[in-house]
Amino acid sequence: MSIRSALEIATITDTGVVRSFNEDTIATEHDLGLALVADGMGGYKAGDVASGMAASIMVSELKRLLPEKPLTPNEIAEILRSSVGRTNRAIYQAAQANPQYHGMGTTLVSALFHDNRLHFVHIGDSRLYRLRHGKLQVLTQDHSILHEQVALGLISNDDAKISHNRNLVTRALGVEAQTECEAQDQAVEVGDIYLLCSDGLNDMVDDINIELALNALQANLPLTARQLVMMANDNGGHDNISAIVIKVLAPFPAVEQSGGLLSWLFGWLK
Amino acid sequence: MAKLVLSLDGDVLGYHFLEKDRFSIGRKPDNEMQIDDSSVSKEHAVILTVGNDQILEDLGSTNGTMVNGIKIKKHILQNNDVIDIGRYQLRYINQKAKPGVDPDRTVMMEPVINLRHGRKSSETPTQATDQVDAAVSVARAANDNFPLGGVKGLEGIHAGQTLELNRPLATFGKAGVQVAVINRRPHGYSITKVEGKKQPLINGQAIGEEDLPLNDGDEIEIGGEKLRFFMKQAG
């Protein structure tokens, strides 16, 4: 089955209640099985430049690099890493070249569905969650001071509520000439729901309530996305809120895709 | 910069700036803040600076460390916290360390050096981080303050039951046939259709696709059951 008919995708991005403009950028390429969220930072108008660049460059790089044939997980990991590297350099150079963009940067979480697997990369504190058999799990570990504090046992999860470090990320795209980036992948199951979001969602809505909304409303994915934003805004909406909700409706083996009409036609024309 | 104001029996004795990432307090002279008194342990407590946080940790002292009258092992200091160490009081002054929402935008900083082991925290094994999945929410308790209501089952599977709607949302109806969600919001409750060809009815009227506010006494017909919505007294 084609990736388009195997995945249902709903997207939303919202300024929130407190901020005056939206520095988040979301992008999806349904036919590629690609979704991403970028949360920009760095002063007036620069944050949304950084997140906008991250989204458009990642999409064009992946369109350019992903051939219409099955790839191994290692090949995809390499393509994702090099796309992130190129995106990072482009934002970094723009920030260096333009004084008004100096210091801009962005987080990124990017999910690519290919051959019954999910491949993902992330930089900073934007997250990827998975709902499977009713249980929500976060698949990314924030690159943030707060996450490190908790991981190191310096503070407890409960203490994290009163931490002053909620907005400090330890990695971002465009801030340094080079960036570290790990690509991960895992098998996908039919019925899985994936959520990509900026921290404006998970800072405002507890995981348990994100889980509740995904479980209760998944029959209506656009409503699910709107509901997540509504809950974040009802709780204060202190930051921009972005969410991409993806439901896996059917398997999507890559071999079938390569046997599709186009490649059949090309094979026949040769 | 944050500072500590030292006092004894209400008399201010002096103050110290928290200039070091690791600021130790104790009876021995090699502490950043020495308090030479038998009620204070040799190495009594330490304040670690991590990003914007200053974390007070008791080092297993004999008499313990208290913050605002409560014994602590670890505590993220908040502006105007009063720390008891032995017979002495330390007031923590840091205008930036106020509880609640930090309005600052996201900024990037270098990873934390593990102050105890001296290694970069990015080398932390990933399995150690599995326990920190839970979201951190300043708004965790926000919806506890939203008005509280519920539904009474009149007909159908909830007939005769009273359900308090204390979570942010609850769905009713039959999956795949007709489902609606009741949302608990800052100013009351609302209802939205989730799925189904037929619209749910409120007081006999079909609801649209939009979120509709619910009023005390409204009758809801959804997926073969009838419910009466009620609000509890405020507070």
# chains A, B, ... in the order shown; residues from 1 in each chain; ligands from 1
>>> residues_around(residues="Asn215 (chain B)", least_positions_apart="5", cutoff="12 Å", atoms="only C-alpha atoms", output="PyMOL selection string")
chain B and resi 149-151+182+187-191+202-203+220+228-232
>>> residues_around(residues="Lys45 (chain A)", least_positions_apart="3", cutoff="10 Å", atoms="only C-alpha atoms", output="PyMOL selection string")
chain A and resi 21-23+40-42+48-50+100-101+104
>>> residues_around(residues="region 17-24 of chain B", least_positions_apart="2", cutoff="12 Å", atoms="only C-alpha atoms", output="MDAnalysis selection string")
chainID B and resid 1:6 14:15 26:35 41:59 90:94 112:116 118
>>> residues_around(residues="Glu61 (chain A)", least_positions_apart="4", cutoff="12 Å", atoms="only C-alpha atoms", output="ChimeraX atom specification")
/A:32,34,53-57,65-67,79-87,90
>>> residues_around(residues="Asp125 (chain A)", least_positions_apart="5", cutoff="7 Å", atoms="only C-alpha atoms", output="PDB file with N, CA and C atoms, in the first residue's frame")
ATOM      1  N   THR A 107      14.932  24.145  17.139  1.00  0.00           N
ATOM      2  CA  THR A 107      14.882  22.718  17.418  1.00  0.00           C
ATOM      3  C   THR A 107      14.364  22.022  16.165  1.00  0.00           C
ATOM      4  N   ASP A 142      14.843  14.764  25.388  1.00  0.00           N
ATOM      5  CA  ASP A 142      15.120  16.186  25.173  1.00  0.00           C
ATOM      6  C   ASP A 142      16.609  16.500  25.316  1.00  0.00           C
ATOM      7  N   HIS A 143      17.113  17.303  24.423  1.00  0.00           N
ATOM      8  CA  HIS A 143      18.442  17.877  24.628  1.00  0.00           C
ATOM      9  C   HIS A 143      18.230  19.184  25.387  1.00  0.00           C
ATOM     10  N   SER A 144      18.018  19.057  26.690  1.00  0.00           N
ATOM     11  CA  SER A 144      17.741  20.246  27.489  1.00  0.00           C
ATOM     12  C   SER A 144      18.424  20.130  28.847  1.00  0.00           C
ATOM     13  N   VAL A 169      17.860  24.737  26.037  1.00  0.00           N
ATOM     14  CA  VAL A 169      18.194  23.543  25.276  1.00  0.00           C
ATOM     15  C   VAL A 169      19.708  23.436  25.150  1.00  0.00           C
ATOM     16  N   ASP A 199       7.586  22.134  22.485  1.00  0.00           N
ATOM     17  CA  ASP A 199       7.456  22.070  23.946  1.00  0.00           C
ATOM     18  C   ASP A 199       6.273  22.890  24.461  1.00  0.00           C
TER      19      ASP A 199
END
>>> closest_residue(among="B:Val179, B:Leu148, B:Val12, B:Ile70", to="Arg167 (chain B)", atoms="only C-alpha atoms")
B:Leu148
>>> closest_residue(among="A:Gly174, A:Gly105, A:Pro99, A:Gly52", to="Ile26 (chain A)", atoms="only C-alpha atoms")
A:Gly52
>>> residues_around(residues="region 227-233 of chain A", least_positions_apart="3", cutoff="7 Å", atoms="only C-alpha atoms", output="number ranges by chain")
A: 16-17, 201, 204-205, 210, 223-224, 236-237, 241
>>> write_last_selection(atoms="all heavy atoms", output="PDB file, in the first residue's frame")
ATOM      1  N   GLY A  16      -0.515  30.311  20.626  1.00  0.00           N
ATOM      2  CA  GLY A  16      -0.663  30.236  22.075  1.00  0.00           C
ATOM      3  C   GLY A  16      -1.344  31.480  22.587  1.00  0.00           C
ATOM      4  O   GLY A  16      -1.807  32.324  21.811  1.00  0.00           O
ATOM      5  N   VAL A  17      -1.410  31.605  23.912  1.00  0.00           N
ATOM      6  CA  VAL A  17      -2.183  32.690  24.517  1.00  0.00           C
ATOM      7  C   VAL A  17      -1.298  33.895  24.836  1.00  0.00           C
ATOM      8  O   VAL A  17      -1.741  35.037  24.834  1.00  0.00           O
ATOM      9  CB  VAL A  17      -2.873  32.175  25.805  1.00  0.00           C
ATOM     10  CG1 VAL A  17      -3.547  33.299  26.548  1.00  0.00           C
ATOM     11  CG2 VAL A  17      -3.862  31.077  25.473  1.00  0.00           C
ATOM     12  N   LEU A 201       3.372  22.315  23.777  1.00  0.00           N
ATOM     13  CA  LEU A 201       2.349  21.320  24.137  1.00  0.00           C
ATOM     14  C   LEU A 201       2.731  20.590  25.422  1.00  0.00           C
ATOM     15  O   LEU A 201       2.003  20.641  26.413  1.00  0.00           O
ATOM     16  CB  LEU A 201       2.143  20.315  22.998  1.00  0.00           C
ATOM     17  CG  LEU A 201       1.146  19.209  23.342  1.00  0.00           C
ATOM     18  CD1 LEU A 201      -0.251  19.769  23.564  1.00  0.00           C
ATOM     19  CD2 LEU A 201       1.102  18.126  22.275  1.00  0.00           C
ATOM     20  N   MET A 204       2.749  22.315  28.784  1.00  0.00           N
ATOM     21  CA  MET A 204       1.445  22.776  29.266  1.00  0.00           C
ATOM     22  C   MET A 204       0.487  21.623  29.582  1.00  0.00           C
ATOM     23  O   MET A 204      -0.427  21.789  30.376  1.00  0.00           O
ATOM     24  CB  MET A 204       0.795  23.669  28.194  1.00  0.00           C
ATOM     25  CG  MET A 204       1.444  25.023  28.049  1.00  0.00           C
ATOM     26  SD  MET A 204       1.136  26.053  29.481  1.00  0.00           S
ATOM     27  CE  MET A 204       2.772  26.559  29.884  1.00  0.00           C
ATOM     28  N   VAL A 205       0.664  20.504  28.901  1.00  0.00           N
ATOM     29  CA  VAL A 205      -0.261  19.377  29.080  1.00  0.00           C
ATOM     30  C   VAL A 205       0.542  18.155  29.524  1.00  0.00           C
ATOM     31  O   VAL A 205       1.515  17.771  28.867  1.00  0.00           O
ATOM     32  CB  VAL A 205      -1.011  19.060  27.763  1.00  0.00           C
ATOM     33  CG1 VAL A 205      -2.023  17.953  27.982  1.00  0.00           C
ATOM     34  CG2 VAL A 205      -1.702  20.306  27.219  1.00  0.00           C
ATOM     35  N   ILE A 210      -2.227  13.971  27.428  1.00  0.00           N
ATOM     36  CA  ILE A 210      -1.971  13.774  25.990  1.00  0.00           C
ATOM     37  C   ILE A 210      -2.417  12.353  25.623  1.00  0.00           C
ATOM     38  O   ILE A 210      -3.093  12.129  24.619  1.00  0.00           O
ATOM     39  CB  ILE A 210      -0.473  13.984  25.666  1.00  0.00           C
ATOM     40  CG1 ILE A 210      -0.064  15.439  25.893  1.00  0.00           C
ATOM     41  CG2 ILE A 210      -0.178  13.568  24.223  1.00  0.00           C
ATOM     42  CD1 ILE A 210       1.419  15.722  25.692  1.00  0.00           C
ATOM     43  N   LEU A 223      -9.635  16.620  14.915  1.00  0.00           N
ATOM     44  CA  LEU A 223     -10.152  17.053  16.220  1.00  0.00           C
ATOM     45  C   LEU A 223      -9.124  16.780  17.316  1.00  0.00           C
ATOM     46  O   LEU A 223      -8.935  17.591  18.223  1.00  0.00           O
ATOM     47  CB  LEU A 223     -11.472  16.334  16.539  1.00  0.00           C
ATOM     48  CG  LEU A 223     -12.078  16.651  17.909  1.00  0.00           C
ATOM     49  CD1 LEU A 223     -12.573  18.093  17.965  1.00  0.00           C
ATOM     50  CD2 LEU A 223     -13.214  15.695  18.261  1.00  0.00           C
ATOM     51  N   THR A 224      -8.444  15.634  17.238  1.00  0.00           N
ATOM     52  CA  THR A 224      -7.414  15.294  18.224  1.00  0.00           C
ATOM     53  C   THR A 224      -6.353  16.393  18.271  1.00  0.00           C
ATOM     54  O   THR A 224      -5.960  16.853  19.349  1.00  0.00           O
ATOM     55  CB  THR A 224      -6.747  13.958  17.860  1.00  0.00           C
ATOM     56  OG1 THR A 224      -7.750  12.971  17.662  1.00  0.00           O
ATOM     57  CG2 THR A 224      -5.797  13.509  18.956  1.00  0.00           C
ATOM     58  N   GLY A 236      -2.913  27.685  29.947  1.00  0.00           N
ATOM     59  CA  GLY A 236      -2.075  28.890  29.995  1.00  0.00           C
ATOM     60  C   GLY A 236      -1.476  29.272  28.660  1.00  0.00           C
ATOM     61  O   GLY A 236      -1.213  30.446  28.418  1.00  0.00           O
ATOM     62  N   GLY A 237      -1.203  28.292  27.806  1.00  0.00           N
ATOM     63  CA  GLY A 237      -0.685  28.567  26.462  1.00  0.00           C
ATOM     64  C   GLY A 237       0.500  29.509  26.436  1.00  0.00           C
ATOM     65  O   GLY A 237       0.539  30.452  25.660  1.00  0.00           O
ATOM     66  N   ILE A 241       2.384  26.482  20.119  1.00  0.00           N
ATOM     67  CA  ILE A 241       2.024  25.063  20.240  1.00  0.00           C
ATOM     68  C   ILE A 241       1.895  24.470  18.846  1.00  0.00           C
ATOM     69  O   ILE A 241       1.125  24.973  18.027  1.00  0.00           O
ATOM     70  CB  ILE A 241       0.669  24.894  20.955  1.00  0.00           C
ATOM     71  CG1 ILE A 241       0.646  25.659  22.278  1.00  0.00           C
ATOM     72  CG2 ILE A 241       0.351  23.412  21.175  1.00  0.00           C
ATOM     73  CD1 ILE A 241      -0.708  26.263  22.602  1.00  0.00           C
TER      74      ILE A 241
END
>>> closest_residue(among="B:Asn80, B:Gln205, B:Asn145, B:Gln233", to="chain A", atoms="only C-alpha atoms")
B:Asn145
>>> select_by_dssp(residues="region 221-259 of chain A", states="alpha helix (DSSP H)", output="list in words")
Leu221, Pro222, Leu223, Thr224, Ala225, Arg226, Gln227, Leu228, Val229, Met230, Met231, Ala232, Asn233, Asp234, Ala254, Val255, Glu256, Gln257 and Ser258 of chain A
>>> closest_residue(among="B:Leu169, B:Leu214, B:Ile207, B:Ile85", to="Ser39 (chain B)", atoms="only C-alpha atoms")
B:Ile85
>>> atom_distance(atom1="CA of Leu139 (chain A)", atom2="CA of Lys161 (chain A)")
21.2 Å
>>> closest_residue(among="A:Gly124, A:Ala177, A:His133, A:Leu249", to="chain B", atoms="only C-alpha atoms")
A:Gly124
>>> atom_distance(atom1="CA of Leu112 (chain A)", atom2="CA of Glu148 (chain A)")
26.7 Å
>>> residues_around(residues="Leu201 (chain B)", least_positions_apart="2", cutoff="12 Å", atoms="only C-alpha atoms", output="number ranges by chain")
B: 173, 178-180, 191-193, 198-199, 203-208, 212, 214, 218-228
>>> decode(residues="region 137-182 of chain A", atoms="N, CA and C atoms", output="PDB file, in the first residue's frame")
ATOM      1  N   GLN A 137       4.324   6.760  24.946  1.00  0.00           N
ATOM      2  CA  GLN A 137       5.740   6.721  25.291  1.00  0.00           C
ATOM      3  C   GLN A 137       6.456   7.797  24.498  1.00  0.00           C
ATOM      4  N   VAL A 138       7.388   8.496  25.139  1.00  0.00           N
ATOM      5  CA  VAL A 138       8.161   9.497  24.400  1.00  0.00           C
ATOM      6  C   VAL A 138       9.387   8.797  23.821  1.00  0.00           C
ATOM      7  N   LEU A 139       9.620   8.967  22.530  1.00  0.00           N
ATOM      8  CA  LEU A 139      10.706   8.254  21.856  1.00  0.00           C
ATOM      9  C   LEU A 139      11.984   9.074  21.797  1.00  0.00           C
ATOM     10  N   THR A 140      11.869  10.375  22.071  1.00  0.00           N
ATOM     11  CA  THR A 140      13.045  11.245  22.027  1.00  0.00           C
ATOM     12  C   THR A 140      13.403  11.685  23.441  1.00  0.00           C
ATOM     13  N   GLN A 141      14.672  11.847  23.694  1.00  0.00           N
ATOM     14  CA  GLN A 141      15.127  12.386  24.980  1.00  0.00           C
ATOM     15  C   GLN A 141      15.531  13.830  24.730  1.00  0.00           C
ATOM     16  N   ASP A 142      14.843  14.764  25.388  1.00  0.00           N
ATOM     17  CA  ASP A 142      15.120  16.186  25.173  1.00  0.00           C
ATOM     18  C   ASP A 142      16.609  16.500  25.316  1.00  0.00           C
ATOM     19  N   HIS A 143      17.113  17.303  24.423  1.00  0.00           N
ATOM     20  CA  HIS A 143      18.442  17.877  24.628  1.00  0.00           C
ATOM     21  C   HIS A 143      18.230  19.184  25.387  1.00  0.00           C
ATOM     22  N   SER A 144      18.018  19.057  26.690  1.00  0.00           N
ATOM     23  CA  SER A 144      17.741  20.246  27.489  1.00  0.00           C
ATOM     24  C   SER A 144      18.424  20.130  28.847  1.00  0.00           C
ATOM     25  N   ILE A 145      18.676  21.270  29.443  1.00  0.00           N
ATOM     26  CA  ILE A 145      19.297  21.294  30.766  1.00  0.00           C
ATOM     27  C   ILE A 145      18.391  20.590  31.773  1.00  0.00           C
ATOM     28  N   LEU A 146      17.091  20.839  31.624  1.00  0.00           N
ATOM     29  CA  LEU A 146      16.153  20.251  32.572  1.00  0.00           C
ATOM     30  C   LEU A 146      16.197  18.726  32.509  1.00  0.00           C
ATOM     31  N   HIS A 147      16.188  18.207  31.300  1.00  0.00           N
ATOM     32  CA  HIS A 147      16.252  16.756  31.128  1.00  0.00           C
ATOM     33  C   HIS A 147      17.534  16.204  31.735  1.00  0.00           C
ATOM     34  N   GLU A 148      18.629  16.916  31.523  1.00  0.00           N
ATOM     35  CA  GLU A 148      19.906  16.459  32.079  1.00  0.00           C
ATOM     36  C   GLU A 148      19.883  16.478  33.600  1.00  0.00           C
ATOM     37  N   GLN A 149      19.296  17.540  34.149  1.00  0.00           N
ATOM     38  CA  GLN A 149      19.228  17.643  35.614  1.00  0.00           C
ATOM     39  C   GLN A 149      18.498  16.442  36.203  1.00  0.00           C
ATOM     40  N   VAL A 150      17.386  16.090  35.553  1.00  0.00           N
ATOM     41  CA  VAL A 150      16.599  14.967  36.061  1.00  0.00           C
ATOM     42  C   VAL A 150      17.351  13.661  35.834  1.00  0.00           C
ATOM     43  N   ALA A 151      17.933  13.519  34.626  1.00  0.00           N
ATOM     44  CA  ALA A 151      18.640  12.280  34.296  1.00  0.00           C
ATOM     45  C   ALA A 151      19.829  12.049  35.220  1.00  0.00           C
ATOM     46  N   LEU A 152      20.469  13.141  35.633  1.00  0.00           N
ATOM     47  CA  LEU A 152      21.636  13.022  36.504  1.00  0.00           C
ATOM     48  C   LEU A 152      21.245  12.860  37.972  1.00  0.00           C
ATOM     49  N   GLY A 153      19.942  12.957  38.249  1.00  0.00           N
ATOM     50  CA  GLY A 153      19.505  12.828  39.629  1.00  0.00           C
ATOM     51  C   GLY A 153      19.715  14.098  40.433  1.00  0.00           C
ATOM     52  N   LEU A 154      20.049  15.192  39.763  1.00  0.00           N
ATOM     53  CA  LEU A 154      20.226  16.458  40.492  1.00  0.00           C
ATOM     54  C   LEU A 154      18.897  16.920  41.065  1.00  0.00           C
ATOM     55  N   ILE A 155      17.846  16.704  40.294  1.00  0.00           N
ATOM     56  CA  ILE A 155      16.512  17.046  40.777  1.00  0.00           C
ATOM     57  C   ILE A 155      15.556  15.928  40.380  1.00  0.00           C
ATOM     58  N   SER A 156      14.421  15.875  41.046  1.00  0.00           N
ATOM     59  CA  SER A 156      13.445  14.838  40.732  1.00  0.00           C
ATOM     60  C   SER A 156      12.470  15.355  39.685  1.00  0.00           C
ATOM     61  N   ASN A 157      11.711  14.431  39.123  1.00  0.00           N
ATOM     62  CA  ASN A 157      10.671  14.808  38.170  1.00  0.00           C
ATOM     63  C   ASN A 157       9.703  15.816  38.772  1.00  0.00           C
ATOM     64  N   ASP A 158       9.386  15.623  40.052  1.00  0.00           N
ATOM     65  CA  ASP A 158       8.468  16.538  40.718  1.00  0.00           C
ATOM     66  C   ASP A 158       9.091  17.919  40.872  1.00  0.00           C
ATOM     67  N   ASP A 159      10.396  17.940  41.251  1.00  0.00           N
ATOM     68  CA  ASP A 159      11.097  19.211  41.412  1.00  0.00           C
ATOM     69  C   ASP A 159      11.155  19.973  40.098  1.00  0.00           C
ATOM     70  N   ALA A 160      11.163  19.224  38.986  1.00  0.00           N
ATOM     71  CA  ALA A 160      11.311  19.869  37.684  1.00  0.00           C
ATOM     72  C   ALA A 160      10.220  20.905  37.449  1.00  0.00           C
ATOM     73  N   LYS A 161       9.088  20.732  38.133  1.00  0.00           N
ATOM     74  CA  LYS A 161       7.992  21.694  38.007  1.00  0.00           C
ATOM     75  C   LYS A 161       8.405  23.096  38.427  1.00  0.00           C
ATOM     76  N   ILE A 162       9.291  23.178  39.428  1.00  0.00           N
ATOM     77  CA  ILE A 162       9.684  24.505  39.929  1.00  0.00           C
ATOM     78  C   ILE A 162      11.068  24.916  39.427  1.00  0.00           C
ATOM     79  N   SER A 163      11.597  24.172  38.461  1.00  0.00           N
ATOM     80  CA  SER A 163      12.888  24.540  37.890  1.00  0.00           C
ATOM     81  C   SER A 163      12.766  25.812  37.051  1.00  0.00           C
ATOM     82  N   HIS A 164      13.872  26.553  36.981  1.00  0.00           N
ATOM     83  CA  HIS A 164      13.902  27.757  36.139  1.00  0.00           C
ATOM     84  C   HIS A 164      14.591  27.479  34.820  1.00  0.00           C
ATOM     85  N   ASN A 165      14.777  26.206  34.523  1.00  0.00           N
ATOM     86  CA  ASN A 165      15.549  25.836  33.335  1.00  0.00           C
ATOM     87  C   ASN A 165      14.695  25.317  32.197  1.00  0.00           C
ATOM     88  N   ARG A 166      13.412  25.635  32.213  1.00  0.00           N
ATOM     89  CA  ARG A 166      12.543  25.000  31.233  1.00  0.00           C
ATOM     90  C   ARG A 166      12.867  25.376  29.791  1.00  0.00           C
ATOM     91  N   ASN A 167      13.494  26.522  29.599  1.00  0.00           N
ATOM     92  CA  ASN A 167      13.698  26.968  28.222  1.00  0.00           C
ATOM     93  C   ASN A 167      15.128  26.823  27.734  1.00  0.00           C
ATOM     94  N   LEU A 168      15.942  26.046  28.453  1.00  0.00           N
ATOM     95  CA  LEU A 168      17.339  25.942  28.061  1.00  0.00           C
ATOM     96  C   LEU A 168      17.589  24.639  27.320  1.00  0.00           C
ATOM     97  N   VAL A 169      17.860  24.737  26.037  1.00  0.00           N
ATOM     98  CA  VAL A 169      18.194  23.543  25.276  1.00  0.00           C
ATOM     99  C   VAL A 169      19.708  23.436  25.150  1.00  0.00           C
ATOM    100  N   THR A 170      20.205  22.220  25.062  1.00  0.00           N
ATOM    101  CA  THR A 170      21.651  22.021  24.952  1.00  0.00           C
ATOM    102  C   THR A 170      22.080  21.799  23.505  1.00  0.00           C
ATOM    103  N   ARG A 171      21.109  21.597  22.645  1.00  0.00           N
ATOM    104  CA  ARG A 171      21.427  21.482  21.225  1.00  0.00           C
ATOM    105  C   ARG A 171      20.383  22.238  20.428  1.00  0.00           C
ATOM    106  N   ALA A 172      20.842  22.864  19.346  1.00  0.00           N
ATOM    107  CA  ALA A 172      19.912  23.529  18.440  1.00  0.00           C
ATOM    108  C   ALA A 172      20.558  23.591  17.071  1.00  0.00           C
ATOM    109  N   LEU A 173      19.730  23.691  16.049  1.00  0.00           N
ATOM    110  CA  LEU A 173      20.236  23.825  14.682  1.00  0.00           C
ATOM    111  C   LEU A 173      20.570  25.280  14.415  1.00  0.00           C
ATOM    112  N   GLY A 174      21.725  25.506  13.792  1.00  0.00           N
ATOM    113  CA  GLY A 174      22.072  26.844  13.336  1.00  0.00           C
ATOM    114  C   GLY A 174      22.892  27.649  14.319  1.00  0.00           C
ATOM    115  N   VAL A 175      23.168  27.074  15.478  1.00  0.00           N
ATOM    116  CA  VAL A 175      23.881  27.833  16.506  1.00  0.00           C
ATOM    117  C   VAL A 175      25.392  27.619  16.407  1.00  0.00           C
ATOM    118  N   GLU A 176      25.779  26.428  15.972  1.00  0.00           N
ATOM    119  CA  GLU A 176      27.199  26.140  15.785  1.00  0.00           C
ATOM    120  C   GLU A 176      27.420  25.595  14.371  1.00  0.00           C
ATOM    121  N   ALA A 177      28.677  25.658  13.918  1.00  0.00           N
ATOM    122  CA  ALA A 177      28.975  25.254  12.543  1.00  0.00           C
ATOM    123  C   ALA A 177      28.631  23.778  12.315  1.00  0.00           C
ATOM    124  N   GLN A 178      28.786  22.984  13.357  1.00  0.00           N
ATOM    125  CA  GLN A 178      28.468  21.567  13.242  1.00  0.00           C
ATOM    126  C   GLN A 178      27.514  21.182  14.360  1.00  0.00           C
ATOM    127  N   THR A 179      26.715  20.150  14.123  1.00  0.00           N
ATOM    128  CA  THR A 179      25.826  19.694  15.190  1.00  0.00           C
ATOM    129  C   THR A 179      25.848  18.182  15.276  1.00  0.00           C
ATOM    130  N   GLU A 180      25.663  17.706  16.502  1.00  0.00           N
ATOM    131  CA  GLU A 180      25.552  16.260  16.693  1.00  0.00           C
ATOM    132  C   GLU A 180      24.131  15.841  16.368  1.00  0.00           C
ATOM    133  N   CYS A 181      23.974  14.672  15.821  1.00  0.00           N
ATOM    134  CA  CYS A 181      22.630  14.215  15.504  1.00  0.00           C
ATOM    135  C   CYS A 181      22.625  12.698  15.373  1.00  0.00           C
ATOM    136  N   GLU A 182      21.775  12.042  16.130  1.00  0.00           N
ATOM    137  CA  GLU A 182      21.633  10.592  15.987  1.00  0.00           C
ATOM    138  C   GLU A 182      20.311  10.305  15.295  1.00  0.00           C
TER     139      GLU A 182
END
